[in-house]
Amino acid sequence: MLLIRKADERGHADHGWLNSWHTFSFADYYDPDYMGFRSLRVINDDRVQPGMGFSAHPHRDMEIISYVLDGELEHRDSMGNGSVIRPGELQRMSAGTGITHSEFNPSKSEPVHFLQIWILPDQKGLSPDYEQKLFPDEVKRGKLRLIGSSDGRDGSVTIHQDASIYAAMLDPGAEIVHTIPSGRHVWVQVARGKIHVNGYTLEQGGGAAVTDEDRLEIAGIENAEILLFDLA
């Protein structure tokens, strides 16, 4: 069964400096039918104007993942980490017992477009931790590349949850297949472009919750980038 989440049905907040679309309930947007999916709690599709950003704020007991699509995102946190996240890079921050961080667009002229993803950890009270890796376009083109996993296999970042995150870039007409093991669930998110998923059409910002299926057939309609979450 596929439950389609259309892009224009998501929550939306335009603060001027921040234009954000919420796949699941977040901040002032509340929808009891979309509180998350399995351990996946937040997918925010954010665009931040030049020189603007999120000032220092706290988190705890959450796996926070940032995936930049266009522009640059500057990160600083109370562990002393400071970095700039660029397109194709995935940053995982485990908030654990508590962490403070900020995120800014360091550009004076270009906006930054990124997805911020929250996944519930498999246990509370973890030590705060941070990891960032680049997954170039060529390793994602026409195939699902593992970028996050519970054991860090194949060079992916480590997530403290029984979850695997894949990224793929699809040209028009390109097709990929994902086999779903028994008892697993999948969320597909279109970061950009347009795709078919088992016969359904999804546009940029759209998503699909997949349960009781053993196979996903995904095809590019136009140049597309997707994230696929394989969840317990």
# chains A, B, ... in the order shown; residues from 1 in each chain; ligands from 1
call {"tool": "residues_around", "arguments": {"residues": "Arg47 (chain A)", "least_positions_apart": "4", "cutoff": "9 Å", "atoms": "only C-alpha atoms", "output": "PDB file with N, CA and C atoms, in the first residue's frame"}}
result
ATOM      1  N   TRP A  17      12.673  35.464   5.723  1.00  0.00           N
ATOM      2  CA  TRP A  17      14.044  34.944   5.641  1.00  0.00           C
ATOM      3  C   TRP A  17      14.077  33.427   5.470  1.00  0.00           C
ATOM      4  N   LEU A  18      12.970  32.752   5.867  1.00  0.00           N
ATOM      5  CA  LEU A  18      12.858  31.298   5.791  1.00  0.00           C
ATOM      6  C   LEU A  18      11.528  30.924   5.151  1.00  0.00           C
ATOM      7  N   ASN A  19      11.618  30.104   4.084  1.00  0.00           N
ATOM      8  CA  ASN A  19      10.426  29.530   3.473  1.00  0.00           C
ATOM      9  C   ASN A  19      10.505  28.026   3.686  1.00  0.00           C
ATOM     10  N   SER A  20       9.576  27.488   4.477  1.00  0.00           N
ATOM     11  CA  SER A  20       9.684  26.102   4.924  1.00  0.00           C
ATOM     12  C   SER A  20       8.393  25.331   4.658  1.00  0.00           C
ATOM     13  N   PRO A 111      20.531  32.061  -1.927  1.00  0.00           N
ATOM     14  CA  PRO A 111      19.809  31.306  -0.894  1.00  0.00           C
ATOM     15  C   PRO A 111      20.376  29.901  -0.766  1.00  0.00           C
ATOM     16  N   VAL A 112      20.052  29.244   0.333  1.00  0.00           N
ATOM     17  CA  VAL A 112      20.408  27.836   0.513  1.00  0.00           C
ATOM     18  C   VAL A 112      19.117  27.032   0.596  1.00  0.00           C
ATOM     19  N   HIS A 113      19.111  25.901  -0.091  1.00  0.00           N
ATOM     20  CA  HIS A 113      17.962  24.997  -0.095  1.00  0.00           C
ATOM     21  C   HIS A 113      18.426  23.671   0.479  1.00  0.00           C
ATOM     22  N   PHE A 114      17.792  23.227   1.541  1.00  0.00           N
ATOM     23  CA  PHE A 114      18.205  21.974   2.166  1.00  0.00           C
ATOM     24  C   PHE A 114      17.015  21.274   2.810  1.00  0.00           C
ATOM     25  N   LEU A 115      17.189  19.974   3.035  1.00  0.00           N
ATOM     26  CA  LEU A 115      16.218  19.193   3.786  1.00  0.00           C
ATOM     27  C   LEU A 115      16.755  18.953   5.183  1.00  0.00           C
TER      28      LEU A 115
END
call {"tool": "residues_around", "arguments": {"residues": "Lys140 (chain A)", "least_positions_apart": "4", "cutoff": "9 Å", "atoms": "only C-alpha atoms", "output": "PyMOL selection string"}}
result
chain A and resi 135-136+144-146+166-170+225
call {"tool": "residues_around", "arguments": {"residues": "region 65-72 of chain A", "least_positions_apart": "4", "cutoff": "9 Å", "atoms": "only C-alpha atoms", "output": "ChimeraX atom specification"}}
result
/A:84-94,104-107,110-119,191-192
call {"tool": "residues_around", "arguments": {"residues": "His160 (chain A)", "least_positions_apart": "6", "cutoff": "12 Å", "atoms": "only C-alpha atoms", "output": "count of residues only"}}
result
29
call {"tool": "closest_residue", "arguments": {"among": "A:Glu138, A:Asp212, A:Glu131, A:Glu217", "to": "Ser182 (chain A)", "atoms": "only C-alpha atoms"}}
result
A:Asp212
